[in-house]
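start_27.tsv, holding TSV, C-alpha atoms and all ligand atoms:
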chain	number	residue	atom	x	y	z
B	1353	MET	CA	-112.96	39.92	103.86
B	1354	LYS	CA	-110.61	41.82	101.59
B	1355	SER	CA	-111.95	45.17	102.65
B	1356	ALA	CA	-111.71	44.23	106.36
B	1357	LEU	CA	-108.10	43.25	105.78
B	1358	SER	CA	-107.27	46.43	103.92
B	1359	ARG	CA	-109.03	48.46	106.65
B	1360	ALA	CA	-106.91	46.71	109.28
B	1361	LEU	CA	-103.81	47.26	107.20
B	1362	ARG	CA	-104.66	50.92	106.73
B	1363	THR	CA	-105.18	51.32	110.47
B	1364	ALA	CA	-101.86	49.63	111.18
B	1365	VAL	CA	-100.05	51.82	108.67
B	1366	LEU	CA	-101.68	54.94	110.10
B	1367	ALA	CA	-100.76	53.91	113.64
B	1368	LEU	CA	-97.19	53.33	112.55
B	1369	LEU	CA	-97.10	56.70	110.83
B	1370	VAL	CA	-98.45	58.47	113.91
B	1371	VAL	CA	-95.83	56.82	116.10
B	1372	HIS	CA	-93.16	57.61	113.56
B	1373	LEU	CA	-94.11	61.24	113.12
B	1374	GLN	CA	-94.35	61.92	116.84
B	1375	PRO	CA	-91.03	63.53	117.86
B	1376	VAL	CA	-89.56	61.54	120.71
B	1377	ASN	CA	-89.37	64.50	123.06
B	1378	SER	CA	-92.60	66.23	122.23
B	1379	ILE	CA	-94.78	64.50	124.79
B	1380	ALA	CA	-96.03	67.03	127.34
B	1381	GLU	CA	-93.34	69.42	126.22
B	1382	THR	CA	-93.96	73.15	126.33
B	1383	THR	CA	-92.08	75.67	124.27
B	1384	ILE	CA	-90.76	79.03	125.38
B	1385	ASN	CA	-89.68	81.71	122.92
B	1386	ILE	CA	-86.86	84.14	123.05
B	1387	GLY	CA	-87.44	87.19	120.82
B	1388	THR	CA	-84.18	88.12	119.07
B	1389	GLY	CA	-83.62	90.09	115.85
B	1390	SER	CA	-82.79	89.88	112.19
B	1391	ILE	CA	-81.14	86.60	111.24
B	1392	THR	CA	-78.03	88.53	110.13
B	1393	GLY	CA	-77.58	90.19	113.54
B	1394	VAL	CA	-76.02	88.92	116.76
B	1395	TYR	CA	-79.25	88.79	118.81
B	1396	TYR	CA	-80.23	85.82	116.67
B	1397	ASN	CA	-76.96	84.05	117.45
B	1398	THR	CA	-77.44	84.95	121.11
B	1399	GLY	CA	-80.95	83.48	121.16
B	1400	SER	CA	-79.58	80.30	119.61
B	1401	ALA	CA	-76.75	80.16	122.16
B	1402	VAL	CA	-79.08	80.63	125.17
B	1403	ALA	CA	-81.46	78.05	123.72
B	1404	LYS	CA	-78.59	75.63	123.14
B	1405	MET	CA	-77.56	75.88	126.80
B	1406	PHE	CA	-81.14	75.56	128.09
B	1407	ASN	CA	-82.11	72.75	125.72
B	1408	GLN	CA	-79.33	70.51	127.04
B	1409	LYS	CA	-81.88	69.77	129.77
B	1410	ARG	CA	-84.86	69.88	127.45
B	1411	GLN	CA	-86.06	66.42	128.46
B	1412	GLU	CA	-85.66	66.96	132.19
B	1413	TYR	CA	-87.45	70.33	131.97
B	1414	SER	CA	-90.07	69.11	129.45
B	1415	THR	CA	-89.50	72.52	127.92
B	1416	TRP	CA	-87.96	73.47	124.65
B	1417	MET	CA	-86.56	76.96	124.13
B	1418	LEU	CA	-86.96	78.41	120.65
B	1419	ASN	CA	-85.21	81.35	119.06
B	1420	LYS	CA	-87.63	83.72	117.30
B	1421	PRO	CA	-86.41	86.30	114.78
B	1422	SER	CA	-87.91	89.78	115.07
B	1423	ALA	CA	-87.38	93.45	114.21
B	1424	GLY	CA	-85.20	93.79	117.33
B	1425	SER	CA	-85.35	95.49	120.73
B	1426	ILE	CA	-88.63	97.40	120.44
B	1427	ASP	CA	-90.59	94.42	119.14
B	1428	ASN	CA	-88.95	92.18	121.72
B	1429	ILE	CA	-89.94	94.45	124.61
B	1430	ASN	CA	-93.52	94.74	123.40
B	1431	ASP	CA	-93.80	91.00	122.67
B	1432	VAL	CA	-92.63	90.13	126.19
B	1433	LEU	CA	-94.94	92.74	127.74
B	1434	HIS	CA	-97.91	91.44	125.73
B	1435	GLY	CA	-97.18	87.81	126.59
B	1436	GLN	CA	-96.20	86.65	123.07
B	1437	ASN	CA	-92.71	85.70	124.23
B	1438	LYS	CA	-91.35	84.89	127.68
B	1439	PHE	CA	-87.87	86.22	126.94
B	1440	GLY	CA	-86.34	88.87	124.73
B	1441	ILE	CA	-83.09	90.73	124.06
B	1442	ALA	CA	-82.94	94.52	123.97
B	1443	GLN	CA	-80.56	97.45	123.92
B	1444	ALA	CA	-80.23	99.10	127.34
B	1445	ASN	CA	-81.62	102.43	126.08
B	1446	PHE	CA	-84.91	100.88	124.94
B	1447	LEU	CA	-85.31	98.99	128.23
B	1448	PHE	CA	-84.60	102.27	130.02
B	1449	ASP	CA	-87.28	104.08	128.01
B	1450	ALA	CA	-89.86	101.33	128.50
B	1451	TRP	CA	-89.20	101.14	132.25
B	1452	ASN	CA	-89.40	104.92	132.66
B	1453	GLY	CA	-92.27	105.59	130.26
B	1454	THR	CA	-90.16	107.77	127.99
B	1455	GLY	CA	-89.46	107.75	124.25
B	1456	LEU	CA	-91.72	105.24	122.52
B	1457	TRP	CA	-93.38	104.26	125.82
B	1458	GLU	CA	-94.80	107.67	126.71
B	1459	THR	CA	-98.15	105.93	127.28
B	1460	GLY	CA	-96.75	104.74	130.61
B	1461	PRO	CA	-93.83	103.13	132.43
B	1462	GLN	CA	-93.58	99.38	131.91
B	1463	LYS	CA	-92.81	98.18	135.41
B	1464	ASP	CA	-93.36	94.50	134.58
B	1465	LEU	CA	-89.99	94.21	132.84
B	1466	ARG	CA	-87.33	92.17	134.64
B	1467	ALA	CA	-83.69	91.54	133.79
B	1468	VAL	CA	-82.26	88.06	133.37
B	1469	LEU	CA	-78.65	88.52	132.23
B	1470	GLY	CA	-76.45	91.32	130.96
B	1471	LEU	CA	-74.91	90.54	127.59
B	1472	TYR	CA	-72.21	92.02	125.33
B	1473	ILE	CA	-71.74	95.58	124.10
B	1474	GLU	CA	-73.26	96.52	120.75
B	1475	ASP	CA	-71.66	99.21	118.58
B	1476	LEU	CA	-73.31	101.96	116.62
B	1477	THR	CA	-72.01	101.04	113.18
B	1478	LEU	CA	-72.11	103.21	110.07
B	1479	VAL	CA	-71.34	101.05	107.04
B	1480	ALA	CA	-70.56	102.99	103.85
B	1481	ALA	CA	-69.41	102.36	100.29
B	1482	VAL	CA	-65.91	103.73	99.70
B	1483	ASP	CA	-66.98	105.23	96.32
B	1484	ALA	CA	-69.59	107.38	98.12
B	1485	GLU	CA	-66.71	109.24	99.82
B	1486	ILE	CA	-68.29	109.08	103.30
B	1487	LYS	CA	-65.28	109.55	105.57
B	1488	THR	CA	-67.11	111.13	108.50
B	1489	PRO	CA	-70.79	110.84	109.49
B	1490	LEU	CA	-71.38	114.40	108.29
B	1491	ASP	CA	-70.42	113.30	104.76
B	1492	LEU	CA	-73.80	111.53	104.72
B	1493	LYS	CA	-75.16	114.83	103.47
B	1494	GLY	CA	-76.63	114.33	100.01
B	1495	LYS	CA	-76.08	110.54	100.17
B	1496	ARG	CA	-78.46	107.53	100.15
B	1497	LEU	CA	-78.75	106.16	103.68
B	1498	ASN	CA	-80.79	103.20	104.89
B	1499	ILE	CA	-82.20	103.81	108.36
B	1500	GLY	CA	-84.27	100.63	108.83
B	1501	GLU	CA	-87.94	99.80	108.80
B	1502	PRO	CA	-90.28	102.31	110.50
B	1503	GLY	CA	-91.06	101.07	114.02
B	1504	SER	CA	-87.86	99.03	114.24
B	1505	SER	CA	-85.10	99.68	116.74
B	1506	ASP	CA	-82.71	100.43	113.88
B	1507	TYR	CA	-85.06	103.11	112.57
B	1508	GLN	CA	-85.36	104.71	116.01
B	1509	THR	CA	-81.60	104.65	116.62
B	1510	SER	CA	-80.67	105.90	113.15
B	1511	SER	CA	-83.20	108.74	113.30
B	1512	GLY	CA	-81.92	109.75	116.75
B	1513	ILE	CA	-78.29	109.75	115.57
B	1514	LEU	CA	-79.11	111.83	112.48
B	1515	THR	CA	-80.79	114.41	114.72
B	1516	MET	CA	-77.76	114.48	117.04
B	1517	LEU	CA	-75.49	114.95	114.03
B	1518	GLY	CA	-77.66	117.89	112.99
B	1519	LEU	CA	-78.75	116.19	109.75
B	1520	ASP	CA	-82.36	116.59	108.63
B	1521	PRO	CA	-83.61	113.30	107.10
B	1522	GLN	CA	-86.14	115.19	104.93
B	1523	ASN	CA	-83.77	117.70	103.33
B	1524	ASP	CA	-80.15	116.80	103.93
B	1525	LEU	CA	-80.00	113.28	102.54
B	1526	GLN	CA	-81.99	110.59	100.77
B	1527	VAL	CA	-83.37	108.21	103.36
B	1528	PHE	CA	-84.35	104.56	102.65
B	1529	LYS	CA	-86.51	102.57	105.06
B	1530	GLU	CA	-85.69	98.98	104.13
B	1531	PRO	CA	-85.29	96.38	106.88
B	1532	THR	CA	-81.63	96.25	107.92
B	1533	LEU	CA	-81.64	92.61	106.82
B	1534	LEU	CA	-81.60	93.89	103.21
B	1535	ALA	CA	-79.13	96.75	103.66
B	1536	SER	CA	-76.05	94.60	103.02
B	1537	GLU	CA	-77.50	93.58	99.62
B	1538	LYS	CA	-78.58	97.12	98.80
B	1539	ILE	CA	-75.12	98.54	99.38
B	1540	GLN	CA	-73.64	96.00	96.96
B	1541	SER	CA	-76.34	96.57	94.32
B	1542	ASP	CA	-75.57	100.32	94.56
B	1543	ASP	CA	-79.12	101.18	95.71
B	1544	ILE	CA	-77.83	102.82	98.88
B	1545	ASP	CA	-74.51	104.36	99.92
B	1546	ALA	CA	-74.60	103.63	103.62
B	1547	TYR	CA	-76.57	102.12	106.49
B	1548	PHE	CA	-76.67	102.27	110.25
B	1549	TYR	CA	-76.73	99.13	112.37
B	1550	THR	CA	-76.35	98.94	116.15
B	1551	VAL	CA	-75.01	95.44	116.58
B	1552	GLY	CA	-72.30	93.23	118.06
B	1553	HIS	CA	-69.30	92.20	115.93
B	1554	PRO	CA	-68.64	90.27	113.85
B	1555	ASN	CA	-72.06	89.81	112.25
B	1556	LEU	CA	-73.39	88.40	108.98
B	1557	SER	CA	-74.79	91.72	107.79
B	1558	ILE	CA	-71.41	93.43	107.66
B	1559	LEU	CA	-69.65	90.28	106.54
B	1560	GLU	CA	-72.00	90.23	103.55
B	1561	ALA	CA	-71.69	93.98	102.95
B	1562	VAL	CA	-67.89	93.79	102.71
B	1563	SER	CA	-67.79	90.64	100.63
B	1564	GLY	CA	-68.92	92.05	97.27
B	1565	GLU	CA	-67.30	94.01	94.44
B	1566	ARG	CA	-68.08	97.41	95.95
B	1567	LYS	CA	-65.49	98.37	98.55
B	1568	VAL	CA	-66.98	99.10	101.97
B	1569	ARG	CA	-65.73	100.82	105.13
B	1570	ILE	CA	-67.02	101.43	108.65
B	1571	VAL	CA	-67.11	105.17	109.24
B	1572	PRO	CA	-65.45	106.44	112.45
B	1573	PHE	CA	-67.27	108.86	114.73
B	1574	GLU	CA	-65.40	111.90	115.94
B	1575	ARG	CA	-64.15	111.82	119.53
B	1576	GLU	CA	-66.02	115.00	120.41
B	1577	PHE	CA	-69.32	113.57	119.19
B	1578	ILE	CA	-68.74	110.28	121.03
B	1579	ASP	CA	-67.94	112.10	124.29
B	1580	LYS	CA	-71.04	114.29	123.94
B	1581	VAL	CA	-73.36	111.31	123.39
B	1582	VAL	CA	-71.76	109.05	126.02
B	1583	ALA	CA	-72.15	111.81	128.63
B	1584	LEU	CA	-75.94	111.66	128.15
B	1585	LYS	CA	-76.56	108.26	129.76
B	1586	PRO	CA	-74.58	105.97	132.06
B	1587	PHE	CA	-75.31	102.93	129.90
B	1588	LEU	CA	-73.52	104.39	126.84
B	1589	SER	CA	-69.77	103.91	126.41
B	1590	ALA	CA	-66.97	104.86	124.06
B	1591	GLU	CA	-65.95	101.78	122.09
B	1592	SER	CA	-63.94	100.82	119.06
B	1593	ILE	CA	-64.69	98.25	116.41
B	1594	ASP	CA	-61.94	95.75	115.68
B	1595	VAL	CA	-61.57	95.87	111.89
B	1596	ALA	CA	-59.57	92.64	111.86
B	1597	LEU	CA	-62.93	90.88	112.30
B	1598	TYR	CA	-63.73	91.62	108.64
B	1599	GLU	CA	-60.97	90.69	106.27
B	1600	LYS	CA	-62.22	92.64	103.25
B	1601	LEU	CA	-63.08	95.85	105.05
B	1602	ASP	CA	-61.36	98.99	103.68
B	1603	ASN	CA	-60.41	100.24	107.19
B	1604	LYS	CA	-56.96	99.65	108.63
B	1605	ASP	CA	-57.44	101.08	112.15
B	1606	PRO	CA	-59.92	100.39	114.96
B	1607	VAL	CA	-63.11	102.42	114.43
B	1608	PRO	CA	-64.17	104.70	117.31
B	1609	THR	CA	-67.88	104.66	118.05
B	1610	ILE	CA	-70.58	104.50	120.72
B	1611	GLY	CA	-71.41	101.28	122.54
B	1612	ILE	CA	-74.51	100.08	124.34
B	1613	LYS	CA	-75.19	96.98	126.35
B	1614	ALA	CA	-77.60	94.28	125.22
B	1615	VAL	CA	-79.73	92.72	127.98
B	1616	LEU	CA	-81.66	89.45	128.19
B	1617	PHE	CA	-84.96	90.21	129.90
B	1618	THR	CA	-88.33	88.76	130.83
B	1619	ARG	CA	-91.60	89.72	132.51
B	1620	LYS	CA	-92.39	89.87	136.21
B	1621	ASP	CA	-95.00	87.10	136.06
B	1622	VAL	CA	-92.83	84.53	134.27
B	1623	ASP	CA	-92.32	81.78	136.86
B	1624	ASP	CA	-89.16	81.84	138.97
B	1625	GLU	CA	-88.23	78.29	138.07
B	1626	THR	CA	-88.08	78.93	134.32
B	1627	VAL	CA	-85.95	82.06	134.75
B	1628	TYR	CA	-83.72	80.27	137.27
B	1629	ARG	CA	-83.16	77.45	134.77
B	1630	VAL	CA	-82.30	79.83	131.93
B	1631	VAL	CA	-79.73	81.65	134.08
B	1632	LYS	CA	-78.30	78.45	135.51
B	1633	SER	CA	-77.91	76.84	132.09
B	1634	VAL	CA	-75.92	79.84	130.79
B	1635	MET	CA	-73.86	80.50	133.94
B	1636	GLU	CA	-72.94	76.88	134.56
B	1637	ASN	CA	-71.76	76.54	130.98
B	1638	LEU	CA	-70.21	79.98	130.69
B	1639	ASP	CA	-67.05	78.82	128.88
B	1640	LEU	CA	-69.11	76.92	126.35
B	1641	PHE	CA	-71.52	79.85	126.06
B	1642	ARG	CA	-68.67	82.31	125.36
B	1643	ARG	CA	-67.48	80.09	122.55
B	1644	GLN	CA	-70.81	80.38	120.74
B	1645	HIS	CA	-69.94	83.79	119.28
B	1646	PRO	CA	-66.84	86.07	119.28
B	1647	ALA	CA	-69.00	88.93	120.63
B	1648	PHE	CA	-69.39	86.94	123.87
B	1649	SER	CA	-65.66	86.62	124.52
B	1650	ARG	CA	-65.60	89.52	127.01
B	1651	LEU	CA	-68.55	88.28	129.07
B	1652	THR	CA	-67.84	87.83	132.77
B	1653	LYS	CA	-70.00	86.95	135.75
B	1654	GLU	CA	-69.49	90.54	136.84
B	1655	ASN	CA	-70.75	92.24	133.66
B	1656	MET	CA	-73.57	89.73	133.24
B	1657	THR	CA	-75.10	90.61	136.60
B	1658	HIS	CA	-74.67	94.40	136.53
B	1659	GLY	CA	-75.88	97.31	134.40
B	1660	VAL	CA	-79.05	95.51	133.42
B	1661	ILE	CA	-81.31	98.63	133.65
B	1662	VAL	CA	-84.43	96.98	135.09
B	1663	PRO	CA	-84.64	94.97	138.34
B	1664	LEU	CA	-83.43	91.39	138.19
B	1665	HIS	CA	-86.14	88.73	138.09
B	1666	PRO	CA	-86.29	86.77	141.39
B	1667	GLY	CA	-85.51	83.57	139.46
B	1668	ALA	CA	-82.21	85.11	138.32
B	1669	GLU	CA	-81.46	86.47	141.80
B	1670	GLY	CA	-82.19	83.02	143.23
B	1671	TYR	CA	-79.52	81.47	141.04
B	1672	PHE	CA	-76.91	84.17	141.72
B	1673	ARG	CA	-77.49	83.86	145.47
B	1674	GLU	CA	-77.19	80.09	145.38
B	1675	ALA	CA	-74.04	80.23	143.23
B	1676	GLY	CA	-72.47	82.96	145.37
B	1677	ILE	CA	-72.31	85.41	142.45
B	1678	ALA	CA	-72.52	89.08	143.49
B	1679	TYR	CA	-75.40	90.96	141.84
B	1701	LIG	N1	-79.50	96.21	118.29
B	1701	LIG	C1	-80.46	95.75	117.32
B	1701	LIG	C2	-81.86	96.04	117.81
B	1701	LIG	O1	-82.05	96.40	118.93
B	1701	LIG	C3	-80.35	94.28	117.03
B	1701	LIG	C4	-78.99	93.83	116.65
B	1701	LIG	C5	-78.90	92.35	116.47
B	1701	LIG	O2	-79.87	91.73	116.01
B	1701	LIG	O3	-77.87	91.80	116.81
B	1701	LIG	O4	-82.80	95.86	117.09

Represent the structure from my file as structure tokens, please.
Ligand code: GLU
Amino acid sequence: MKSALSRALRTAVLALLVVHLQPVNSIAETTINIGTGSITGVYYNTGSAVAKMFNQKRQEYSTWMLNKPSAGSIDNINDVLHGQNKFGIAQANFLFDAWNGTGLWETGPQKDLRAVLGLYIEDLTLVAAVDAEIKTPLDLKGKRLNIGEPGSSDYQTSSGILTMLGLDPQNDLQVFKEPTLLASEKIQSDDIDAYFYTVGHPNLSILEAVSGERKVRIVPFEREFIDKVVALKPFLSAESIDVALYEKLDNKDPVPTIGIKAVLFTRKDVDDETVYRVVKSVMENLDLFRRQHPAFSRLTKENMTHGVIVPLHPGAEGYFREAGIAY
């Protein structure tokens, strides 16, 4: 009798627990991932912002969008191509290379990539400790520079910039290959003198880098160098970093540098409805979306539908057509 009662009680408790542990919205809900970047970058904030807009209708869509950290553009492109994620964010130059089968994608053009939305401009940013006396990029000679983890977008970009500056990573300077996530700590612990990061502003990496004892500056690029690089590709632009975004930064004036657009993208075979919903949820809440991060403040319908490197996904086109937005 006693054991039957305790069995019944146990069953009841278990049933209660199951009901209790079941998240209210999880029934028949699918998840879709958006591949972003390091949690101290702006891709991560962007993934959260897109997910926030989309998830307002999470119940109606029975779909929950999740932000997934990554090593950035290159990983995001490969993860979307290989079906690990439905969406990703990437720098225009990497999308260009993947689409055309150049650079890291020499194995073949990746014609399954499709654009969803154009995003903000990222800036090539050289962060340096003031005591290392790096006033121009060429002062990196003989210094300790972090270029990012091999295989990461930061590593590719930093290596490319060093080559363009005429600096040999083997002989001219001491190169560190830590993930950029750690670079802000390493500059404060005096393990490195500088690091490259192509990123929107403001971001947590630089905020952290400038917040310690060691004084830090963002190193300006020379006009001539900027013009030379920008002339190479239509998706590169001359930009300047607003130093007022970082209170403790050593700089007083805007920092000239090279800018590149970030693009939200997907794969050809992702269903039109999902892409349509993602675009609609951002575009119909554009004011709210812009308020999710200062880097989004210059986003307009115009720059979000143009300069996206790869063809727009039909789901995105469908929304723009319906909303009367030129694309
Ligand atoms: N531009 C960087 C990359 O492609 C990411 C920057 C960020 O996470 O905001 O990896």

Kindly provide the residues of stretch 1426-1507 of chain B that approach stretch 1602-1613 of chain B to within 12 Å, each paired with its closest atom pair and their distance in Å to one decimal, based on only C-alpha atoms, listed by chain and increasing number, as a tab-separated table.
residue	atom	partner	partner_atom	distance
B:Ile1441	CA	B:Lys1613	CA	10.3
B:Ala1442	CA	B:Lys1613	CA	8.5
B:Gln1443	CA	B:Lys1613	CA	5.9
B:Ala1444	CA	B:Lys1613	CA	5.6
B:Asn1445	CA	B:Ile1612	CA	7.7
B:Phe1446	CA	B:Ile1612	CA	10.4
B:Leu1447	CA	B:Lys1613	CA	10.5
B:Phe1448	CA	B:Lys1613	CA	11.4
B:Leu1469	CA	B:Lys1613	CA	10.9
B:Gly1470	CA	B:Lys1613	CA	7.4
B:Leu1471	CA	B:Lys1613	CA	6.6
B:Tyr1472	CA	B:Lys1613	CA	5.9
B:Ile1473	CA	B:Lys1613	CA	4.4
B:Glu1474	CA	B:Ile1612	CA	5.2
B:Asp1475	CA	B:Gly1611	CA	4.5
B:Leu1476	CA	B:Ile1610	CA	5.5
B:Thr1477	CA	B:Thr1609	CA	7.3
B:Leu1478	CA	B:Thr1609	CA	9.1
B:Val1479	CA	B:Asp1602	CA	10.7
B:Ala1480	CA	B:Asp1602	CA	10.0
B:Ala1481	CA	B:Asp1602	CA	9.4
B:Val1482	CA	B:Asp1602	CA	7.7
B:Asp1483	CA	B:Asp1602	CA	11.2
B:Lys1487	CA	B:Asn1603	CA	10.6
B:Thr1488	CA	B:Val1607	CA	11.3
B:Pro1489	CA	B:Thr1609	CA	11.0

Neighbourhood of ligand LIG 1701 (chain B) at 8 Å, counting all atoms listed in the file, reported as an mmCIF file with C-alpha atoms, in the coordinates of the input:
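Contents of part26.cif, freshly written:
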data_model
loop_
_atom_site.group_PDB
_atom_site.id
_atom_site.type_symbol
_atom_site.label_atom_id
_atom_site.label_comp_id
_atom_site.auth_asym_id
_atom_site.auth_seq_id
_atom_site.Cartn_x
_atom_site.Cartn_y
_atom_site.Cartn_z
ATOM 1 C CA THR B 1388 -84.180 88.120 119.070
ATOM 2 C CA GLY B 1389 -83.620 90.090 115.850
ATOM 3 C CA SER B 1390 -82.790 89.880 112.190
ATOM 4 C CA ILE B 1391 -81.140 86.600 111.240
ATOM 5 C CA THR B 1392 -78.030 88.530 110.130
ATOM 6 C CA GLY B 1393 -77.580 90.190 113.540
ATOM 7 C CA VAL B 1394 -76.020 88.920 116.760
ATOM 8 C CA TYR B 1395 -79.250 88.790 118.810
ATOM 9 C CA TYR B 1396 -80.230 85.820 116.670
ATOM 10 C CA ASN B 1397 -76.960 84.050 117.450
ATOM 11 C CA ALA B 1423 -87.380 93.450 114.210
ATOM 12 C CA GLY B 1424 -85.200 93.790 117.330
ATOM 13 C CA SER B 1425 -85.350 95.490 120.730
ATOM 14 C CA ILE B 1426 -88.630 97.400 120.440
ATOM 15 C CA ILE B 1441 -83.090 90.730 124.060
ATOM 16 C CA ALA B 1442 -82.940 94.520 123.970
ATOM 17 C CA GLN B 1443 -80.560 97.450 123.920
ATOM 18 C CA GLU B 1474 -73.260 96.520 120.750
ATOM 19 C CA SER B 1504 -87.860 99.030 114.240
ATOM 20 C CA SER B 1505 -85.100 99.680 116.740
ATOM 21 C CA ASP B 1506 -82.710 100.430 113.880
ATOM 22 C CA TYR B 1549 -76.730 99.130 112.370
ATOM 23 C CA THR B 1550 -76.350 98.940 116.150
ATOM 24 C CA VAL B 1551 -75.010 95.440 116.580
ATOM 25 C CA GLY B 1552 -72.300 93.230 118.060
ATOM 26 C CA ASN B 1555 -72.060 89.810 112.250
ATOM 27 C CA ALA B 1614 -77.600 94.280 125.220
#

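Proximity of B:Val1660, B:Ile1386, B:Ile1499, B:Val1595 to B:Leu1533, computed with only C-alpha atoms, is greatest for B:Ile1499.
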
Name the closest residue to B:Phe1548 among the candidates B:Ala1403, B:Leu1492, B:Val1581, B:Val1432; distances are taken between atoms, counting only C-alpha atoms. B:Leu1492

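Interatomic distance, atom CA of B:Leu1651 to atom CA of B:Val1634: 11.3 Å.
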
Atom CA of B:Ser1414 sits from atom CA of B:Thr1383 at a separation of 8.6 Å

Just give me the residues with any atom within 12 Å of (-79.4, 77.2, 137.2), file coordinates, counting only C-alpha atoms, written as number ranges by chain. B: 1405-1406, 1409, 1413, 1468, 1624-1638, 1667-1675

How many Å lie between atom CA of B:Phe1587 and atom CA of B:Asp1464, rounded to one decimal?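 Computed distance, atom CA of B:Phe1587 to atom CA of B:Asp1464, equals 20.5 Å.
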
Nearest candidate to B:Glu1599 (options B:Pro1554, B:Gly1503, B:Pro1586, B:Gly1460; using only C-alpha atoms):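 Comparing B:Pro1554, B:Gly1503, B:Pro1586, B:Gly1460 against B:Glu1599, the winner is B:Pro1554.
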
Please work out which residues fall within 8 Å of (-86.3, 81.8, 116.9), coordinates as given in the file, with all atoms listed in the file counting, and return them as an mmCIF file with C-alpha atoms, in the frame of the given file.
data_model
loop_
_atom_site.group_PDB
_atom_site.id
_atom_site.type_symbol
_atom_site.label_atom_id
_atom_site.label_comp_id
_atom_site.auth_asym_id
_atom_site.auth_seq_id
_atom_site.Cartn_x
_atom_site.Cartn_y
_atom_site.Cartn_z
ATOM 1 C CA ASN B 1385 -89.680 81.710 122.920
ATOM 2 C CA ILE B 1386 -86.860 84.140 123.050
ATOM 3 C CA GLY B 1387 -87.440 87.190 120.820
ATOM 4 C CA THR B 1388 -84.180 88.120 119.070
ATOM 5 C CA TYR B 1396 -80.230 85.820 116.670
ATOM 6 C CA GLY B 1399 -80.950 83.480 121.160
ATOM 7 C CA SER B 1400 -79.580 80.300 119.610
ATOM 8 C CA LEU B 1418 -86.960 78.410 120.650
ATOM 9 C CA ASN B 1419 -85.210 81.350 119.060
ATOM 10 C CA LYS B 1420 -87.630 83.720 117.300
ATOM 11 C CA PRO B 1421 -86.410 86.300 114.780
#

Let me make sure I understand: among B:Gly1659, B:Val1582, B:Gln1522, B:Pro1572, which one has the smallest atom-to-atom distance to B:Asp1594 if we use only C-alpha atoms?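 Going through B:Gly1659, B:Val1582, B:Gln1522, B:Pro1572 one by one, the smallest distance to B:Asp1594 is for B:Pro1572.
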